[in-house]
Amino acid sequence: MPAAVYLGDGEMAVRELAVPPLGPHEALVEVSHCGICGTDLHLVLERYARPDSVLGHEWAGTIAARGSDVQGWEIGARVVQNPTPGCGECRACKRGRSSVCLRREAPDLLAFTHGAFCRYKVVPESRLLRVPDTLSTRAAALTEPTAIAIHTVNLSGATPDDRVLVTGGGPVGLLTTAVLRARGIDDITVSEPAPRRRERALAVGAARVITPDELPRAPMGRPVAEPYTLAFECSGNAKAAESAFDQLDYAGTMVFVGTGHDMPRVNHNRAIVLELTIIAAYNYDIEGFAPALELLASGKLPLDHLIEADDVLLDDLLGTMHRLAAGELPGKVMVRPEVRA
């Protein structure tokens, strides 16, 4: 099967790999589409990934073969791979943080070695989740990042009374904005330097867009003139995080969502005086991907604006990653695991 393989030193190439073997309680899934995640950009462009890795974890597909003991799944069923649930009993799980379940082994954040930038994936039958009839398989590849956005908004406690700032109008910021709007939160400002991403932010539900230099510097010990109750930092940019922190009102909440290389400086004195809260969102709620599939199938999200219109093939994956990193592509890019003829 064709696969995009990370070679090392920021380089990738298409290679022919063996189709993975199938166990009795597993299904062989033919990948339809796999989205390019910000994590993939960090792993490749910042050269963290292990050589010979196949990346990609935002995918959907159809069952092509079943193990001998698989029950209840037919060939051709459209599926995503549900995450492993937490124990449901530890302190983290009881607080809605099953992705950091205390009874799991610590994750190896570089162990993205058998991803979905390839033709076939093997999935345990216990982790298969059916795609609703009203949702296309292509759009179902947005399930994983949608589940993260739902978890992010749930952790924030956002309500329609909040005034919200989102820093970063890339795929993460756009999806966070869209989920907020689906929850009835209308007062959303997106700060983003790239014009195309600002335009797309308006299309997915932002009430207004600004450039980062339009955010004011905060006076000492007091809020800015027009503060926000919530700020979602979705860019992974240290300066954006510092500026977002400055925009918070008394008892405001900062939510770290985007990952990045440079670490922001947090003004702890400001946090104390204004009694600010700082939280972060890593993965999903304990329900896994089911709420995300339900939301995607509901018609409440502007999928045409969240997903780029044109798919890319495996040959074009590395070049597309560079374009995403440069801010040229605002939405989620879907990869079809095919090669040019």
# chains A, B, ... in the order shown; residues from 1 in each chain; ligands from 1
$ select_by_dssp --residues "region 120-212 of chain A" --states "alpha helix (DSSP H)" --output "MDAnalysis selection string"
chainID A and resid 137:140 143:156 171:182 195:204
$ select_by_dssp --residues "region 36-269 of chain A" --states "strand (DSSP E or B)" --output "JSON, numbers by chain"
{"A": [53, 54, 58, 59, 60, 61, 62, 63, 64, 65, 66, 78, 79, 80, 81, 114, 118, 120, 121, 122, 123, 124, 128, 129, 130, 164, 165, 166, 167, 188, 189, 190, 191, 208, 209, 210, 228, 229, 230, 231, 232, 233, 248, 249, 250, 251, 252, 253, 254, 255, 256]}
$ residues_around --residues "region 146-156 of chain A" --least-positions-apart "6" --cutoff "7 Å" --atoms "only C-alpha atoms" --output "ChimeraX atom specification"
/A:175-176,179-180,255,281,283-285,289,292
$ closest_residue --among "A:Lys332, A:Asn267, A:Arg104, A:Leu274" --to "Val224 (chain A)" --atoms "only C-alpha atoms"
A:Leu274
$ residues_around --residues "His33 (chain A)" --least-positions-apart "4" --cutoff "10 Å" --atoms "only C-alpha atoms" --output "list of chain:residue names"
A:Gly56, A:Glu58, A:Trp59, A:Ala60, A:Gly61, A:Ala116, A:Phe117, A:Cys118, A:Arg119, A:Thr137, A:Arg138, A:Ala139, A:Ala140, A:Ala141, A:Leu142, A:Asp311, A:Val312, A:Leu313, A:Val333, A:Met334, A:Val335, A:Arg336, A:Pro337, A:Glu338
$ residues_around --residues "Tyr250 (chain A)" --least-positions-apart "2" --cutoff "8 Å" --atoms "only C-alpha atoms" --output "short mmCIF file (atom, residue, chain, number, x, y, z; two decimals) with N, CA, C and O atoms, in the first residue's frame"
data_model
loop_
_atom_site.label_atom_id
_atom_site.label_comp_id
_atom_site.auth_asym_id
_atom_site.auth_seq_id
_atom_site.Cartn_x
_atom_site.Cartn_y
_atom_site.Cartn_z
N PRO A 223 -8.08 45.94 33.99
CA PRO A 223 -8.38 45.39 32.66
C PRO A 223 -8.22 46.45 31.58
O PRO A 223 -8.19 47.65 31.85
N THR A 229 -14.08 37.87 28.81
CA THR A 229 -14.21 36.95 29.93
C THR A 229 -13.48 35.64 29.68
O THR A 229 -13.08 34.95 30.62
N LEU A 248 -7.90 39.84 29.37
CA LEU A 248 -8.91 39.25 30.24
C LEU A 248 -9.44 40.24 31.28
O LEU A 248 -8.71 41.07 31.81
N GLY A 252 -11.45 36.41 34.70
CA GLY A 252 -11.43 35.84 33.36
C GLY A 252 -10.68 34.52 33.32
O GLY A 252 -9.96 34.15 34.26
N LEU A 274 -6.21 40.24 39.30
CA LEU A 274 -7.50 40.10 38.61
C LEU A 274 -8.16 38.75 38.89
O LEU A 274 -9.24 38.48 38.39
N GLU A 275 -7.52 37.90 39.67
CA GLU A 275 -8.00 36.55 39.97
C GLU A 275 -8.34 35.80 38.69
O GLU A 275 -9.46 35.31 38.49
N LEU A 276 -7.35 35.68 37.82
CA LEU A 276 -7.53 35.00 36.55
C LEU A 276 -7.33 33.49 36.72
O LEU A 276 -6.62 33.04 37.61
#
$ closest_residue --among "A:Asn82, A:Asp249, A:Glu199, A:Cys234" --to "Asp162 (chain A)" --atoms "only C-alpha atoms"
A:Asp249
$ residues_around --residues "Arg78 (chain A)" --least-positions-apart "5" --cutoff "9 Å" --atoms "only C-alpha atoms" --output "PyMOL selection string"
chain A and resi 29+60-63+129-133+137
$ closest_residue --among "A:Ala18, A:Leu7, A:Ile210, A:Ala251" --to "Ala271 (chain A)" --atoms "only C-alpha atoms"
A:Ala251
$ residues_around --residues "Ala238 (chain A)" --least-positions-apart "5" --cutoff "9 Å" --atoms "only C-alpha atoms" --output "number ranges by chain"
A: 243, 260-265
$ write_last_selection --atoms "all heavy atoms" --output "compact mmCIF listing (two decimals), in the first residue's frame"
# COMPACT_ATOMS: atom_id res chain seq x y z
N SER A 243 -0.38 38.32 24.86
CA SER A 243 -1.34 39.37 24.53
C SER A 243 -2.75 38.96 24.94
O SER A 243 -3.52 39.78 25.47
CB SER A 243 -1.28 39.67 23.04
OG SER A 243 -2.20 40.68 22.69
N GLY A 260 3.17 25.01 20.85
CA GLY A 260 4.19 25.77 20.16
C GLY A 260 5.56 25.53 20.74
O GLY A 260 5.72 24.90 21.80
N HIS A 261 6.57 26.05 20.05
CA HIS A 261 7.96 25.81 20.44
C HIS A 261 8.42 26.78 21.53
O HIS A 261 9.05 26.39 22.52
CB HIS A 261 8.86 25.93 19.21
CG HIS A 261 10.32 25.70 19.50
ND1 HIS A 261 10.82 24.46 19.79
CD2 HIS A 261 11.36 26.57 19.57
CE1 HIS A 261 12.13 24.56 20.01
NE2 HIS A 261 12.47 25.82 19.88
N ASP A 262 8.11 28.06 21.38
CA ASP A 262 8.55 29.07 22.34
C ASP A 262 7.55 29.18 23.48
O ASP A 262 6.34 29.15 23.28
CB ASP A 262 8.70 30.44 21.66
CG ASP A 262 9.79 30.43 20.60
OD1 ASP A 262 10.80 29.74 20.81
OD2 ASP A 262 9.61 31.11 19.57
N MET A 263 8.08 29.34 24.71
CA MET A 263 7.23 29.39 25.89
C MET A 263 6.82 30.83 26.21
O MET A 263 7.69 31.72 26.26
CB MET A 263 7.96 28.80 27.10
CG MET A 263 8.45 27.37 26.93
SD MET A 263 7.12 26.17 26.67
CE MET A 263 7.29 25.85 24.90
N PRO A 264 5.53 31.09 26.45
CA PRO A 264 5.11 32.44 26.81
C PRO A 264 5.48 32.77 28.25
O PRO A 264 5.67 31.88 29.09
CB PRO A 264 3.59 32.40 26.64
CG PRO A 264 3.24 30.97 26.88
CD PRO A 264 4.39 30.17 26.33
N ARG A 265 5.58 34.05 28.52
CA ARG A 265 5.79 34.53 29.89
C ARG A 265 4.42 34.90 30.47
O ARG A 265 3.67 35.67 29.88
CB ARG A 265 6.71 35.75 29.90
CG ARG A 265 8.11 35.46 29.39
CD ARG A 265 8.90 36.74 29.24
NE ARG A 265 9.04 37.43 30.52
CZ ARG A 265 9.60 38.64 30.65
NH1 ARG A 265 10.03 39.28 29.57
NH2 ARG A 265 9.70 39.20 31.83
$ decode --residues "region 282-319 of chain A" --atoms "N, CA, C and O atoms" --output "short mmCIF file (atom, residue, chain, number, x, y, z; two decimals), in the first residue's frame"
data_model
loop_
_atom_site.label_atom_id
_atom_site.label_comp_id
_atom_site.auth_asym_id
_atom_site.auth_seq_id
_atom_site.Cartn_x
_atom_site.Cartn_y
_atom_site.Cartn_z
N TYR A 282 -6.18 19.15 26.38
CA TYR A 282 -5.29 18.24 25.68
C TYR A 282 -6.03 17.41 24.63
O TYR A 282 -5.73 17.46 23.45
N ASN A 283 -7.05 16.65 25.06
CA ASN A 283 -7.70 15.76 24.09
C ASN A 283 -9.22 15.80 24.19
O ASN A 283 -9.83 16.77 23.81
N TYR A 284 -9.85 14.76 24.73
CA TYR A 284 -11.29 14.57 24.56
C TYR A 284 -12.00 14.37 25.90
O TYR A 284 -11.39 14.04 26.91
N ASP A 285 -13.34 14.52 25.86
CA ASP A 285 -14.16 14.14 26.99
C ASP A 285 -14.23 12.62 27.09
O ASP A 285 -13.86 11.89 26.17
N ILE A 286 -14.77 12.14 28.21
CA ILE A 286 -14.80 10.70 28.45
C ILE A 286 -15.71 9.98 27.45
O ILE A 286 -15.55 8.78 27.19
N GLU A 287 -16.66 10.72 26.82
CA GLU A 287 -17.54 10.08 25.83
C GLU A 287 -16.82 9.78 24.53
O GLU A 287 -17.38 9.12 23.64
N GLY A 288 -15.58 10.27 24.36
CA GLY A 288 -14.82 9.99 23.15
C GLY A 288 -15.33 10.77 21.95
O GLY A 288 -15.68 11.94 22.05
N PHE A 289 -15.43 10.08 20.81
CA PHE A 289 -15.75 10.75 19.55
C PHE A 289 -17.24 10.84 19.26
O PHE A 289 -17.65 11.53 18.33
N ALA A 290 -18.08 10.16 20.03
CA ALA A 290 -19.50 10.13 19.72
C ALA A 290 -20.13 11.53 19.69
O ALA A 290 -20.88 11.85 18.75
N PRO A 291 -19.87 12.41 20.67
CA PRO A 291 -20.46 13.75 20.60
C PRO A 291 -19.97 14.54 19.38
O PRO A 291 -20.73 15.34 18.82
N ALA A 292 -18.74 14.31 18.97
CA ALA A 292 -18.22 15.01 17.79
C ALA A 292 -18.93 14.55 16.53
O ALA A 292 -19.30 15.36 15.67
N LEU A 293 -19.12 13.25 16.38
CA LEU A 293 -19.85 12.75 15.21
C LEU A 293 -21.27 13.29 15.19
O LEU A 293 -21.80 13.66 14.14
N GLU A 294 -21.90 13.34 16.36
CA GLU A 294 -23.27 13.87 16.44
C GLU A 294 -23.31 15.33 16.02
O GLU A 294 -24.21 15.74 15.26
N LEU A 295 -22.36 16.13 16.50
CA LEU A 295 -22.33 17.54 16.13
C LEU A 295 -22.04 17.72 14.65
O LEU A 295 -22.68 18.54 13.96
N LEU A 296 -21.09 16.97 14.11
CA LEU A 296 -20.77 17.07 12.69
C LEU A 296 -21.96 16.71 11.81
O LEU A 296 -22.16 17.30 10.75
N ALA A 297 -22.75 15.75 12.25
CA ALA A 297 -23.89 15.30 11.47
C ALA A 297 -25.12 16.18 11.67
O ALA A 297 -26.12 16.02 10.94
N SER A 298 -25.07 17.10 12.63
CA SER A 298 -26.25 17.89 12.98
C SER A 298 -26.53 19.03 12.02
O SER A 298 -27.64 19.59 12.03
N GLY A 299 -25.56 19.42 11.22
CA GLY A 299 -25.72 20.57 10.35
C GLY A 299 -25.44 21.90 11.03
O GLY A 299 -25.60 22.96 10.42
N LYS A 300 -24.99 21.86 12.28
CA LYS A 300 -24.72 23.10 13.03
C LYS A 300 -23.34 23.67 12.78
O LYS A 300 -23.06 24.80 13.20
N LEU A 301 -22.46 22.92 12.13
CA LEU A 301 -21.12 23.40 11.84
C LEU A 301 -20.98 23.72 10.35
O LEU A 301 -21.46 22.95 9.51
N PRO A 302 -20.30 24.82 10.00
CA PRO A 302 -20.11 25.18 8.58
C PRO A 302 -18.97 24.37 7.96
O PRO A 302 -17.87 24.88 7.75
N LEU A 303 -19.25 23.13 7.64
CA LEU A 303 -18.19 22.20 7.23
C LEU A 303 -17.47 22.68 5.97
O LEU A 303 -16.25 22.48 5.84
N ASP A 304 -18.17 23.32 5.06
CA ASP A 304 -17.55 23.77 3.82
C ASP A 304 -16.48 24.84 4.07
O ASP A 304 -15.57 25.01 3.26
N HIS A 305 -16.61 25.56 5.18
CA HIS A 305 -15.61 26.58 5.53
C HIS A 305 -14.53 26.05 6.46
O HIS A 305 -13.43 26.60 6.52
N LEU A 306 -14.84 24.98 7.17
CA LEU A 306 -13.86 24.39 8.09
C LEU A 306 -12.87 23.50 7.35
O LEU A 306 -11.73 23.32 7.79
N ILE A 307 -13.31 22.91 6.23
CA ILE A 307 -12.47 21.99 5.46
C ILE A 307 -12.13 22.64 4.13
O ILE A 307 -13.01 23.16 3.43
N GLU A 308 -10.87 22.61 3.74
CA GLU A 308 -10.47 23.15 2.44
C GLU A 308 -11.13 22.36 1.32
O GLU A 308 -11.31 21.14 1.40
N ALA A 309 -11.49 23.04 0.25
CA ALA A 309 -12.26 22.42 -0.83
C ALA A 309 -11.47 21.34 -1.56
O ALA A 309 -12.05 20.33 -2.00
N ASP A 310 -10.17 21.52 -1.70
CA ASP A 310 -9.36 20.59 -2.49
C ASP A 310 -8.60 19.63 -1.60
O ASP A 310 -7.90 20.05 -0.66
N ASP A 311 -8.72 18.33 -1.89
CA ASP A 311 -7.90 17.33 -1.23
C ASP A 311 -6.48 17.37 -1.80
O ASP A 311 -6.25 17.86 -2.91
N VAL A 312 -5.54 16.83 -1.03
CA VAL A 312 -4.19 16.64 -1.55
C VAL A 312 -3.87 15.15 -1.51
O VAL A 312 -4.47 14.39 -0.75
N LEU A 313 -2.93 14.73 -2.36
CA LEU A 313 -2.49 13.34 -2.39
C LEU A 313 -1.21 13.19 -1.59
O LEU A 313 -0.60 14.17 -1.15
N LEU A 314 -0.81 11.96 -1.38
CA LEU A 314 0.37 11.70 -0.56
C LEU A 314 1.62 12.39 -1.11
O LEU A 314 2.48 12.85 -0.33
N ASP A 315 1.72 12.49 -2.42
CA ASP A 315 2.89 13.14 -3.03
C ASP A 315 3.02 14.60 -2.62
O ASP A 315 4.13 15.15 -2.58
N ASP A 316 1.88 15.23 -2.33
CA ASP A 316 1.86 16.67 -2.06
C ASP A 316 1.81 16.99 -0.58
O ASP A 316 1.65 18.16 -0.20
N LEU A 317 1.96 15.99 0.27
CA LEU A 317 1.76 16.19 1.70
C LEU A 317 2.77 17.15 2.30
O LEU A 317 2.41 18.10 3.01
N LEU A 318 4.06 16.96 2.02
CA LEU A 318 5.08 17.80 2.64
C LEU A 318 4.94 19.25 2.20
O LEU A 318 5.00 20.17 3.03
N GLY A 319 4.73 19.48 0.92
CA GLY A 319 4.56 20.85 0.44
C GLY A 319 3.35 21.52 1.06
O GLY A 319 3.37 22.72 1.38
#
